[in-house]
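Structure file start09.cif (mmCIF, C-alpha atoms) is printed below.
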data_coords
#
loop_
_atom_site.label_atom_id
_atom_site.label_comp_id
_atom_site.auth_asym_id
_atom_site.auth_seq_id
_atom_site.Cartn_x
_atom_site.Cartn_y
_atom_site.Cartn_z
CA MET A 155 0.00 0.00 0.00
CA ILE A 156 2.82 2.42 0.89
CA HIS A 157 4.58 1.61 -2.38
CA ILE A 158 1.40 2.36 -4.32
CA PHE A 159 1.01 5.82 -2.77
CA THR A 160 4.70 6.74 -3.13
CA SER A 161 4.58 5.92 -6.86
CA ILE A 162 1.61 8.21 -7.49
CA THR A 163 2.07 11.85 -8.46
CA PRO A 164 -0.43 14.47 -7.28
CA ALA A 165 -1.62 14.96 -10.85
CA SER A 166 -2.25 11.25 -11.43
CA TRP A 167 -3.92 10.98 -8.01
CA LEU A 168 -6.48 13.53 -9.17
CA ILE A 169 -6.81 12.66 -12.85
CA GLU A 170 -6.66 8.88 -13.04
CA PRO A 171 -9.96 8.21 -11.19
CA LEU A 172 -11.72 10.58 -13.61
CA SER A 173 -10.98 8.17 -16.46
CA HIS A 174 -13.59 5.82 -15.00
CA ASP A 175 -17.25 6.55 -15.63
CA PHE A 176 -18.33 5.14 -12.27
CA MET A 177 -15.92 7.50 -10.48
CA ARG A 178 -17.21 10.57 -12.33
CA ARG A 179 -20.75 9.62 -11.33
CA ALA A 180 -19.75 8.94 -7.73
CA LEU A 181 -17.94 12.26 -7.42
CA MET A 182 -20.85 14.22 -8.89
CA VAL A 183 -23.52 12.56 -6.75
CA SER A 184 -21.43 12.69 -3.57
CA ALA A 185 -20.61 16.38 -4.00
CA LEU A 186 -24.24 17.23 -4.78
CA VAL A 187 -25.63 15.30 -1.80
CA GLY A 188 -22.91 16.73 0.40
CA ALA A 189 -23.77 20.28 -0.58
CA VAL A 190 -27.52 19.78 -0.03
CA CYS A 191 -27.01 18.08 3.33
CA GLY A 192 -24.57 20.82 4.30
CA LEU A 193 -27.16 23.51 3.60
CA LEU A 194 -29.85 21.68 5.55
CA SER A 195 -27.46 20.90 8.40
CA CYS A 196 -27.25 24.61 9.26
CA PHE A 197 -30.95 24.63 10.09
CA MET A 198 -30.65 21.29 11.89
CA THR A 199 -27.79 22.56 14.03
CA LEU A 200 -29.55 25.77 15.03
CA LYS A 201 -32.75 23.88 15.79
CA GLY A 202 -30.95 21.19 17.79
CA TRP A 203 -32.44 18.36 15.74
CA ALA A 204 -29.57 15.86 15.74
CA LEU A 205 -31.81 13.16 17.21
CA MET A 206 -34.58 13.97 14.75
CA GLY A 207 -32.15 13.56 11.86
CA ASP A 208 -31.11 10.20 13.25
CA ALA A 209 -34.74 9.14 13.59
CA VAL A 210 -35.74 10.06 10.04
CA SER A 211 -32.66 8.51 8.46
CA HIS A 212 -33.32 5.16 10.17
CA ALA A 213 -37.09 5.26 9.68
CA VAL A 214 -36.81 5.27 5.87
CA MET A 215 -35.50 1.70 5.79
CA PRO A 216 -38.88 -0.12 5.78
CA GLY A 217 -40.04 2.32 3.12
CA VAL A 218 -37.24 1.16 0.82
CA VAL A 219 -38.25 -2.48 1.25
CA VAL A 220 -41.97 -1.81 0.82
CA ALA A 221 -41.30 0.27 -2.31
CA TYR A 222 -39.30 -2.60 -3.78
CA ALA A 223 -42.10 -5.07 -3.04
CA LEU A 224 -44.63 -2.80 -4.76
CA GLY A 225 -42.39 -2.05 -7.71
CA LEU A 226 -42.09 1.64 -6.85
CA PRO A 227 -38.98 3.84 -6.77
CA PHE A 228 -37.09 3.54 -3.48
CA SER A 229 -37.30 7.30 -2.96
CA ILE A 230 -41.11 7.26 -2.74
CA GLY A 231 -41.25 4.60 -0.06
CA ALA A 232 -38.39 6.15 1.89
CA PHE A 233 -40.00 9.60 1.81
CA VAL A 234 -43.41 8.32 2.91
CA PHE A 235 -41.96 6.41 5.85
CA GLY A 236 -39.67 9.31 6.77
CA VAL A 237 -42.57 11.75 6.97
CA GLY A 238 -44.71 9.09 8.61
CA SER A 239 -42.16 8.62 11.39
CA VAL A 240 -42.19 12.36 12.05
CA ALA A 241 -45.99 12.41 12.22
CA LEU A 242 -45.96 9.45 14.59
CA ILE A 243 -43.41 11.15 16.83
CA GLY A 244 -45.58 14.25 17.01
CA PHE A 245 -48.74 12.22 17.71
CA ILE A 246 -47.20 10.20 20.55
CA LYS A 247 -45.63 13.32 22.05
CA GLN A 248 -49.01 15.13 22.09
CA LYS A 249 -51.00 12.17 23.41
CA SER A 250 -48.65 10.99 26.16
CA ARG A 251 -46.43 12.35 28.91
CA VAL A 252 -43.31 10.75 27.39
CA LYS A 253 -40.59 13.28 26.54
CA GLU A 254 -39.67 13.99 22.93
CA ASP A 255 -36.19 12.49 22.98
CA THR A 256 -37.61 9.24 24.36
CA VAL A 257 -40.35 9.19 21.72
CA ILE A 258 -37.78 9.77 18.97
CA GLY A 259 -35.69 6.84 20.22
CA LEU A 260 -38.72 4.57 20.38
CA VAL A 261 -39.98 5.43 16.91
CA PHE A 262 -36.75 5.28 14.96
CA THR A 263 -35.60 1.99 16.53
CA GLY A 264 -39.05 0.51 15.91
CA PHE A 265 -39.06 1.57 12.25
CA PHE A 266 -35.49 0.38 11.78
CA ALA A 267 -36.32 -3.00 13.30
CA LEU A 268 -39.36 -3.24 11.02
CA GLY A 269 -37.09 -2.64 8.04
CA LEU A 270 -34.73 -5.43 9.11
CA VAL A 271 -37.66 -7.84 9.53
CA LEU A 272 -39.08 -6.93 6.11
CA VAL A 273 -35.70 -7.44 4.44
CA SER A 274 -35.48 -10.91 5.96
CA LYS A 275 -39.04 -11.90 4.99
CA ILE A 276 -39.63 -10.33 1.58
CA LYS A 277 -37.91 -12.26 -1.18
CA SER A 278 -35.84 -9.69 -2.99
CA ASN A 279 -32.38 -8.87 -4.24
CA ILE A 280 -32.09 -5.84 -1.97
CA ASP A 281 -28.58 -5.62 -0.58
CA LEU A 282 -28.86 -4.75 3.11
CA MET A 283 -25.30 -3.41 3.17
CA HIS A 284 -26.14 -1.10 0.26
CA ILE A 285 -29.07 0.35 2.23
CA LEU A 286 -27.11 0.69 5.46
CA PHE A 287 -23.83 2.06 4.11
CA GLY A 288 -24.57 3.37 0.62
CA SER A 289 -22.79 2.67 -2.65
CA PRO A 290 -21.89 5.82 -4.60
CA LEU A 291 -19.47 3.87 -6.80
CA GLY A 292 -22.44 1.91 -8.14
CA THR A 293 -24.51 4.97 -9.02
CA SER A 294 -26.64 4.58 -12.14
CA LEU A 295 -28.02 7.27 -14.44
CA SER A 296 -31.47 6.88 -12.87
CA ASP A 297 -29.90 7.41 -9.43
CA ILE A 298 -28.26 10.59 -10.69
CA HIS A 299 -31.53 11.93 -12.09
CA GLN A 300 -33.32 11.10 -8.84
CA THR A 301 -30.62 12.77 -6.74
CA ILE A 302 -30.65 15.91 -8.89
CA THR A 303 -34.46 16.14 -8.63
CA ILE A 304 -34.51 15.67 -4.85
CA SER A 305 -31.63 18.09 -4.36
CA ALA A 306 -33.36 20.75 -6.46
CA ILE A 307 -36.57 20.41 -4.44
CA VAL A 308 -34.73 20.72 -1.12
CA VAL A 309 -32.56 23.66 -2.16
CA ILE A 310 -35.38 25.64 -3.79
CA THR A 311 -37.67 25.08 -0.79
CA LEU A 312 -34.99 26.15 1.70
CA LEU A 313 -34.23 29.27 -0.33
CA ILE A 314 -37.89 30.26 -0.68
CA PHE A 315 -38.63 29.87 3.04
CA ARG A 316 -35.13 30.78 4.19
CA ARG A 317 -35.96 33.82 6.32
CA ASP A 318 -38.97 32.24 7.99
CA LEU A 319 -37.08 29.02 8.66
CA MET A 320 -34.10 30.90 10.08
CA LEU A 321 -36.33 32.82 12.49
CA TYR A 322 -38.17 29.62 13.40
CA CYS A 323 -34.89 27.87 14.24
CA PHE A 324 -33.54 30.83 16.23
CA ASP A 325 -36.69 31.86 18.10
CA PRO A 326 -39.91 29.94 17.36
CA THR A 327 -41.83 31.90 20.01
CA HIS A 328 -41.07 35.22 18.32
CA ALA A 329 -41.84 33.72 14.91
CA ARG A 330 -45.24 32.61 16.17
CA SER A 331 -45.94 35.99 17.77
CA ILE A 332 -45.50 37.88 14.49
CA GLY A 333 -47.91 35.60 12.65
CA ILE A 334 -45.62 33.02 11.06
CA ASN A 335 -47.18 29.56 10.79
CA THR A 336 -44.57 27.66 12.79
CA GLY A 337 -46.51 24.40 12.49
CA LEU A 338 -46.20 24.55 8.73
CA LEU A 339 -42.49 25.36 8.97
CA HIS A 340 -41.98 22.49 11.40
CA TYR A 341 -43.33 19.89 9.01
CA LEU A 342 -41.80 21.59 5.99
CA LEU A 343 -38.34 21.35 7.54
CA LEU A 344 -38.93 17.75 8.53
CA SER A 345 -40.09 16.94 5.00
CA MET A 346 -36.88 18.41 3.61
CA LEU A 347 -34.99 16.33 6.15
CA SER A 348 -36.72 13.20 4.86
CA LEU A 349 -35.86 14.07 1.26
CA ALA A 350 -32.23 14.74 2.16
CA ALA A 351 -32.08 11.39 3.94
CA VAL A 352 -33.40 9.73 0.78
CA ALA A 353 -30.72 11.45 -1.29
CA GLY A 354 -28.04 10.41 1.19
CA LEU A 355 -29.09 6.77 0.94
CA GLN A 356 -27.13 6.34 -2.28
CA THR A 357 -24.00 8.04 -0.99
CA VAL A 358 -23.44 7.04 2.63
CA GLY A 359 -26.46 4.91 3.50
CA ILE A 360 -29.00 5.07 6.31
CA ILE A 361 -26.57 4.80 9.20
CA LEU A 362 -24.08 7.49 8.16
CA VAL A 363 -26.40 10.03 6.50
CA VAL A 364 -27.11 11.57 9.91
CA SER A 365 -23.46 12.66 10.01
CA MET A 366 -23.85 14.52 6.70
CA LEU A 367 -26.92 16.24 8.14
CA ILE A 368 -25.18 17.38 11.33
CA THR A 369 -21.39 17.61 10.99
CA PRO A 370 -21.11 20.35 8.31
CA GLY A 371 -23.45 22.67 10.21
CA ALA A 372 -21.67 21.99 13.49
CA THR A 373 -18.32 22.74 11.86
CA ALA A 374 -19.54 26.00 10.35
CA TYR A 375 -21.15 26.98 13.65
CA LEU A 376 -17.69 26.99 15.25
CA LEU A 377 -16.26 29.20 12.51
CA THR A 378 -18.77 32.05 12.23
CA ASP A 379 -21.64 33.85 13.92
CA ARG A 380 -23.32 34.90 10.67
CA PHE A 381 -25.90 32.56 9.19
CA ASP A 382 -25.04 33.44 5.56
CA ARG A 383 -21.39 32.56 6.11
CA MET A 384 -22.43 29.47 8.03
CA ASN A 385 -24.37 28.25 4.98
CA ILE A 386 -21.41 28.84 2.67
CA LEU A 387 -18.93 27.16 4.99
CA ALA A 388 -21.19 24.17 5.62
CA VAL A 389 -21.94 23.59 1.93
CA THR A 390 -18.29 24.02 0.94
CA SER A 391 -16.84 21.78 3.65
CA SER A 392 -19.45 19.08 3.03
CA ALA A 393 -18.97 19.04 -0.74
CA ILE A 394 -15.17 19.03 -0.45
CA SER A 395 -15.16 16.28 2.17
CA SER A 396 -17.44 14.19 -0.06
CA ILE A 397 -15.08 14.55 -3.02
CA VAL A 398 -11.96 13.88 -0.94
CA GLY A 399 -13.66 10.92 0.72
CA VAL A 400 -14.48 9.33 -2.64
CA TYR A 401 -10.88 9.82 -3.83
CA ILE A 402 -9.48 8.29 -0.65
CA SER A 403 -11.82 5.31 -0.90
CA TYR A 404 -10.73 4.75 -4.51
CA TRP A 405 -7.01 4.75 -3.77
CA SER A 406 -7.21 3.00 -0.39
CA ASP A 407 -9.90 0.45 -1.32
CA ILE A 408 -12.03 1.30 1.72
CA GLU A 409 -15.77 1.80 2.21
CA THR A 410 -16.79 5.06 0.53
CA GLY A 411 -19.47 6.27 2.92
CA GLY A 412 -17.22 5.75 5.91
CA SER A 413 -14.39 7.56 4.17
CA ILE A 414 -16.60 10.60 3.47
CA VAL A 415 -17.83 10.80 7.06
CA LEU A 416 -14.31 10.43 8.46
CA VAL A 417 -13.13 13.37 6.35
CA GLN A 418 -16.06 15.44 7.62
CA THR A 419 -15.22 14.48 11.19
CA LEU A 420 -11.59 15.45 10.68
CA ILE A 421 -12.63 18.88 9.39
CA PHE A 422 -14.85 19.32 12.45
CA LEU A 423 -11.97 18.38 14.78
CA LEU A 424 -9.73 20.95 13.07
CA ALA A 425 -12.41 23.61 13.58
CA PHE A 426 -12.90 22.46 17.16
CA LEU A 427 -9.20 22.98 17.83
CA PHE A 428 -8.28 25.95 15.67
CA ALA A 429 -11.45 28.00 15.03
CA PRO A 430 -10.50 31.71 15.27
CA ARG A 431 -12.98 32.53 18.05
CA TYR A 432 -14.38 29.28 19.41
CA GLY A 433 -11.54 26.78 18.96
CA ILE A 434 -10.43 25.32 22.28
CA LEU A 435 -6.80 26.34 21.68
CA LYS A 436 -7.90 29.95 21.06
CA LEU A 437 -10.07 29.90 24.18
CA GLN A 438 -7.26 28.50 26.29
CA ASN A 439 -4.87 31.16 25.02
CA SER A 440 -7.38 33.89 25.91
CA ILE A 441 -7.76 32.47 29.41
CA ASN A 442 -4.02 32.06 29.92
CA PRO A 443 -2.36 34.99 28.12
#

Starting from the file, lay out its structure as structure tokens.
Amino acid sequence: MIHIFTSITPASWLIEPLSHDFMRRALMVSALVGAVCGLLSCFMTLKGWALMGDAVSHAVMPGVVVAYALGLPFSIGAFVFGVGSVALIGFIKQKSRVKEDTVIGLVFTGFFALGLVLVSKIKSNIDLMHILFGSPLGTSLSDIHQTITISAIVVITLLIFRRDLMLYCFDPTHARSIGINTGLLHYLLLSMLSLAAVAGLQTVGIILVVSMLITPGATAYLLTDRFDRMNILAVTSSAISSIVGVYISYWSDIETGGSIVLVQTLIFLLAFLFAPRYGILKLQNSINP
């Protein structure tokens, strides 16, 4: 392995993978999904919805299996079950005294277990590892078209409702007091979360997509106090880490989704240590001049 890397020039490291059609597709889809998830992650971070992202990403699994059994596109089944899990969480929370974080844990583990049972009982050629961990290197043209469509819907929706969503995430009480329909925004944001989880299925799978929905926003949150800059930083870091992760997986022969998430985590750790205002090294230096 060391000999392979020492014999590769920087130019060949970048150019050679592009000679393969499957790599060009993987890079395009991964960067696109990374950018969309990075944009959405800013809202998720401000809202404190890490657990909700985890719930939706796991809850789409039975939808994928049901869609296969009915001969429908995976994205339809995944979206329906993602939104359905959110509605169920809200219903149980309203009708019981159980706290929201507990309800979220109950619902997403229940849906995930249902998906595992369906995979084992429904005769199909669904690859469980593909659902759990993604497979961007096996992206087809139909997958690309689906990802582009979903990404466009999410981005356009977030841009149209950007100001209302930003106020809702920062201060929902104030948003409600000035006449904004926070209930609509709540389910709109959760619907976009479900769509982003569907898009992330192809790239990093159900288990790791939650990282793409949280890590870029958390990284950008350490680097700036302005929401516009936070969006730019999150989208940029997520897209770059997706591209770098795909390259690393190609040359190292490792799992692509895991490689992408590890690069994102490394970028977060760098921000955590060296962020100009909120990095722990900067804070320690200010405390001990």

Go ahead and compute the interatomic distance for CA of Gln300 (chain A) and CA of Leu268 (chain A), in Å to one decimal.
25.2 Å

Once the PyMOL selection byres ((chain A and resi 309) around 12) has been applied to the shown file, what residues remain in the selection, as a ChimeraX atom specification?
/A:186-187,189-194,301-308,310-316,343,346-347,349-350,385,389

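For Ile368 (chain A), the residues within 8 Å (counting only C-alpha atoms, excluding itself and residues fewer than 2 positions away along the chain) are Gly192, Ser195, Cys196, Met198, Thr199, Ala204, Gly207, Val364, Ser365, Met366, Pro370, Gly371 and Ala372 of chain A.
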
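Considering only C-alpha atoms, the residue among A:Ile402, A:Ala232, A:Phe381, A:Ser211 positioned nearest to Leu362 (chain A) is A:Ser211.
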
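Comparing A:Val271, A:Val219, A:Ala374, A:Leu226 by their smallest distance to Thr390 (chain A), the closest is A:Ala374 (using all atoms listed in the file).
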
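Rounded to one decimal, CA of Thr256 (chain A) and CA of Gly231 (chain A) lie 25.1 Å from each other.
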
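We find CA of Val234 (chain A) and CA of Ser348 (chain A) to be spaced 8.5 Å apart.
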
Test item: the PyMOL selection byres ((chain A and resi 322-335) around 9) resolved as a PyMOL selection string:
chain A and resi 197-202+317-321+336-340

Output C-alpha atoms of each residue in that selection to a file, as a short mmCIF file (atom, residue, chain, number, x, y, z; two decimals), in the frame of the given file.
data_model
loop_
_atom_site.label_atom_id
_atom_site.label_comp_id
_atom_site.auth_asym_id
_atom_site.auth_seq_id
_atom_site.Cartn_x
_atom_site.Cartn_y
_atom_site.Cartn_z
CA PHE A 197 -30.95 24.63 10.09
CA MET A 198 -30.65 21.29 11.89
CA THR A 199 -27.79 22.56 14.03
CA LEU A 200 -29.55 25.77 15.03
CA LYS A 201 -32.75 23.88 15.79
CA GLY A 202 -30.95 21.19 17.79
CA ARG A 317 -35.96 33.82 6.32
CA ASP A 318 -38.97 32.24 7.99
CA LEU A 319 -37.08 29.02 8.66
CA MET A 320 -34.10 30.90 10.08
CA LEU A 321 -36.33 32.82 12.49
CA THR A 336 -44.57 27.66 12.79
CA GLY A 337 -46.51 24.40 12.49
CA LEU A 338 -46.20 24.55 8.73
CA LEU A 339 -42.49 25.36 8.97
CA HIS A 340 -41.98 22.49 11.40
#

Run the PyMOL selection byres ((chain A and resi 296) around 12) on the file and write out the hits as a ChimeraX atom specification.
/A:179,183,227-229,292-295,297-303,356

Create the file for the chosen residues now, containing C-alpha atoms and written as a short mmCIF file (atom, residue, chain, number, x, y, z; two decimals), in the frame of the given file.
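Result written to out13.cif:
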data_model
loop_
_atom_site.label_atom_id
_atom_site.label_comp_id
_atom_site.auth_asym_id
_atom_site.auth_seq_id
_atom_site.Cartn_x
_atom_site.Cartn_y
_atom_site.Cartn_z
CA ARG A 179 -20.75 9.62 -11.33
CA VAL A 183 -23.52 12.56 -6.75
CA PRO A 227 -38.98 3.84 -6.77
CA PHE A 228 -37.09 3.54 -3.48
CA SER A 229 -37.30 7.30 -2.96
CA GLY A 292 -22.44 1.91 -8.14
CA THR A 293 -24.51 4.97 -9.02
CA SER A 294 -26.64 4.58 -12.14
CA LEU A 295 -28.02 7.27 -14.44
CA ASP A 297 -29.90 7.41 -9.43
CA ILE A 298 -28.26 10.59 -10.69
CA HIS A 299 -31.53 11.93 -12.09
CA GLN A 300 -33.32 11.10 -8.84
CA THR A 301 -30.62 12.77 -6.74
CA ILE A 302 -30.65 15.91 -8.89
CA THR A 303 -34.46 16.14 -8.63
CA GLN A 356 -27.13 6.34 -2.28
#

Hey, what's within 7 Å of Ile397 (chain A) if we count all atoms listed in the file and toss same-chain stuff fewer than 4 positions away? As a PyMOL selection string, please?
chain A and resi 181+184-185+393+401

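Residue nearest Leu423 (chain A) within the list A:Ser274, A:Ser345, A:Thr369, A:Ser173: A:Thr369 [criterion: smallest interatomic distance, only C-alpha atoms].
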
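With all atoms listed in the file as the basis for measurement, A:Ile414 is the residue among A:Leu376, A:Arg178, A:Ile414, A:Leu427 that approaches Gly354 (chain A) most closely.
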
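With all atoms listed in the file as the basis for measurement, A:Val220 is the residue among A:Ile408, A:Ile394, A:Val220, A:Leu242 that approaches Lys275 (chain A) most closely.
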
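Minimum distance to Leu272 (chain A) across A:Ile434, A:Ile360, A:Met215, A:Met182 (counting all atoms listed in the file) occurs at A:Met215.
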